Amino acid sequence: MRALAHPLRLRILRLTLEQALTNKELADRLGADPGTVLHHVRTLVRHGFLRAEPVRTGKRGALERPY
């Protein structure tokens, strides 16, 4: 239950219900620091609330991991 205690984690779960988003996309939509969002995403993944999808290549060739 502690994994869901932070309001930002609930917002992340709501955003990822319909489509998989990368950490950068989540941070942009939430208006939060990407490092903070990544911390919360990793917590949700560790506790089984999110899962990582296969890595994809972004527009500029960077590797992106959607959740």
# chains A, B, ... in the order shown; residues from 1 in each chain; ligands from 1

call {"tool": "select_by_dssp", "arguments": {"residues": "chain A", "states": "strand (DSSP E)", "output": "number ranges by chain"}}
result
A: 56-57, 63-64

call {"tool": "write_last_selection", "arguments": {"atoms": "C-alpha atoms", "output": "mmCIF file, in the first residue's frame"}}
result
data_model
loop_
_atom_site.group_PDB
_atom_site.id
_atom_site.type_symbol
_atom_site.label_atom_id
_atom_site.label_comp_id
_atom_site.auth_asym_id
_atom_site.auth_seq_id
_atom_site.Cartn_x
_atom_site.Cartn_y
_atom_site.Cartn_z
ATOM 1 C CA ARG A 56 12.148 1.413 -28.673
ATOM 2 C CA THR A 57 14.128 3.964 -30.632
ATOM 3 C CA LEU A 63 16.544 4.425 -26.653
ATOM 4 C CA GLU A 64 13.230 4.847 -24.825
#

call {"tool": "select_by_dssp", "arguments": {"residues": "chain A", "states": "alpha helix (DSSP H)", "output": "VMD selection string"}}
result
chain A and resid 7 to 15 23 to 30 34 to 46

call {"tool": "write_last_selection", "arguments": {"atoms": "N, CA and C atoms", "output": "short mmCIF file (atom, residue, chain, number, x, y, z; two decimals), in the first residue's frame"}}
result
data_model
loop_
_atom_site.label_atom_id
_atom_site.label_comp_id
_atom_site.auth_asym_id
_atom_site.auth_seq_id
_atom_site.Cartn_x
_atom_site.Cartn_y
_atom_site.Cartn_z
N PRO A 7 0.76 10.86 -4.16
CA PRO A 7 -0.21 11.27 -5.18
C PRO A 7 0.36 11.26 -6.60
N LEU A 8 1.65 11.50 -6.75
CA LEU A 8 2.26 11.49 -8.08
C LEU A 8 2.20 10.08 -8.69
N ARG A 9 2.33 9.07 -7.88
CA ARG A 9 2.26 7.69 -8.37
C ARG A 9 0.87 7.36 -8.90
N LEU A 10 -0.14 7.87 -8.24
CA LEU A 10 -1.51 7.65 -8.72
C LEU A 10 -1.72 8.36 -10.05
N ARG A 11 -1.16 9.54 -10.20
CA ARG A 11 -1.27 10.28 -11.46
C ARG A 11 -0.54 9.54 -12.58
N ILE A 12 0.61 8.95 -12.26
CA ILE A 12 1.37 8.17 -13.25
C ILE A 12 0.53 6.98 -13.71
N LEU A 13 -0.10 6.29 -12.77
CA LEU A 13 -0.93 5.13 -13.13
C LEU A 13 -2.10 5.54 -14.01
N ARG A 14 -2.73 6.68 -13.72
CA ARG A 14 -3.84 7.15 -14.54
C ARG A 14 -3.39 7.45 -15.96
N LEU A 15 -2.22 8.08 -16.10
CA LEU A 15 -1.72 8.43 -17.43
C LEU A 15 -1.35 7.20 -18.26
N ASN A 23 9.43 7.81 -19.61
CA ASN A 23 9.67 8.66 -18.45
C ASN A 23 9.60 10.14 -18.84
N LYS A 24 10.20 10.49 -19.96
CA LYS A 24 10.20 11.89 -20.42
C LYS A 24 8.78 12.37 -20.72
N GLU A 25 7.99 11.53 -21.38
CA GLU A 25 6.60 11.89 -21.69
C GLU A 25 5.79 12.07 -20.40
N LEU A 26 6.00 11.18 -19.44
CA LEU A 26 5.31 11.31 -18.16
C LEU A 26 5.70 12.60 -17.45
N ALA A 27 7.00 12.89 -17.41
CA ALA A 27 7.49 14.10 -16.74
C ALA A 27 6.91 15.36 -17.39
N ASP A 28 6.85 15.38 -18.72
CA ASP A 28 6.29 16.54 -19.42
C ASP A 28 4.81 16.72 -19.09
N ARG A 29 4.05 15.65 -19.09
CA ARG A 29 2.61 15.74 -18.82
C ARG A 29 2.31 16.08 -17.37
N LEU A 30 3.18 15.66 -16.47
CA LEU A 30 2.97 15.93 -15.04
C LEU A 30 3.58 17.24 -14.59
N PRO A 34 12.15 14.88 -14.42
CA PRO A 34 12.26 13.49 -14.89
C PRO A 34 12.91 12.54 -13.88
N GLY A 35 13.84 13.03 -13.07
CA GLY A 35 14.46 12.17 -12.06
C GLY A 35 13.47 11.75 -10.99
N THR A 36 12.61 12.66 -10.59
CA THR A 36 11.59 12.36 -9.60
C THR A 36 10.58 11.37 -10.16
N VAL A 37 10.17 11.59 -11.41
CA VAL A 37 9.21 10.69 -12.05
C VAL A 37 9.82 9.29 -12.19
N LEU A 38 11.08 9.22 -12.57
CA LEU A 38 11.73 7.92 -12.72
C LEU A 38 11.77 7.16 -11.40
N HIS A 39 12.03 7.86 -10.31
CA HIS A 39 12.03 7.23 -8.98
C HIS A 39 10.66 6.59 -8.70
N HIS A 40 9.59 7.33 -8.98
CA HIS A 40 8.25 6.83 -8.71
C HIS A 40 7.87 5.69 -9.67
N VAL A 41 8.29 5.82 -10.93
CA VAL A 41 8.01 4.76 -11.91
C VAL A 41 8.71 3.47 -11.49
N ARG A 42 9.95 3.57 -11.08
CA ARG A 42 10.69 2.37 -10.65
C ARG A 42 10.05 1.73 -9.42
N THR A 43 9.53 2.54 -8.52
CA THR A 43 8.83 2.00 -7.35
C THR A 43 7.58 1.24 -7.79
N LEU A 44 6.83 1.81 -8.73
CA LEU A 44 5.62 1.15 -9.22
C LEU A 44 5.95 -0.15 -9.96
N VAL A 45 7.04 -0.15 -10.72
CA VAL A 45 7.46 -1.36 -11.42
C VAL A 45 7.89 -2.43 -10.42
N ARG A 46 8.66 -2.03 -9.42
CA ARG A 46 9.16 -2.98 -8.42
C ARG A 46 8.02 -3.66 -7.68
#

call {"tool": "atom_distance", "arguments": {"atom1": "CA of Pro54 in chain A", "atom2": "CA of Pro66 in chain A"}}
result
7.3 Å

call {"tool": "atom_distance", "arguments": {"atom1": "CA of His47 in chain A", "atom2": "CA of Gly31 in chain A"}}
result
24.0 Å

call {"tool": "atom_distance", "arguments": {"atom1": "CA of Thr16 in chain A", "atom2": "CA of Lys59 in chain A"}}
result
20.5 Å

call {"tool": "closest_residue", "arguments": {"among": "A:Leu50, A:Tyr67, A:Met1, A:Ala32", "to": "Ala20 in chain A", "atoms": "only C-alpha atoms"}}
result
A:Tyr67
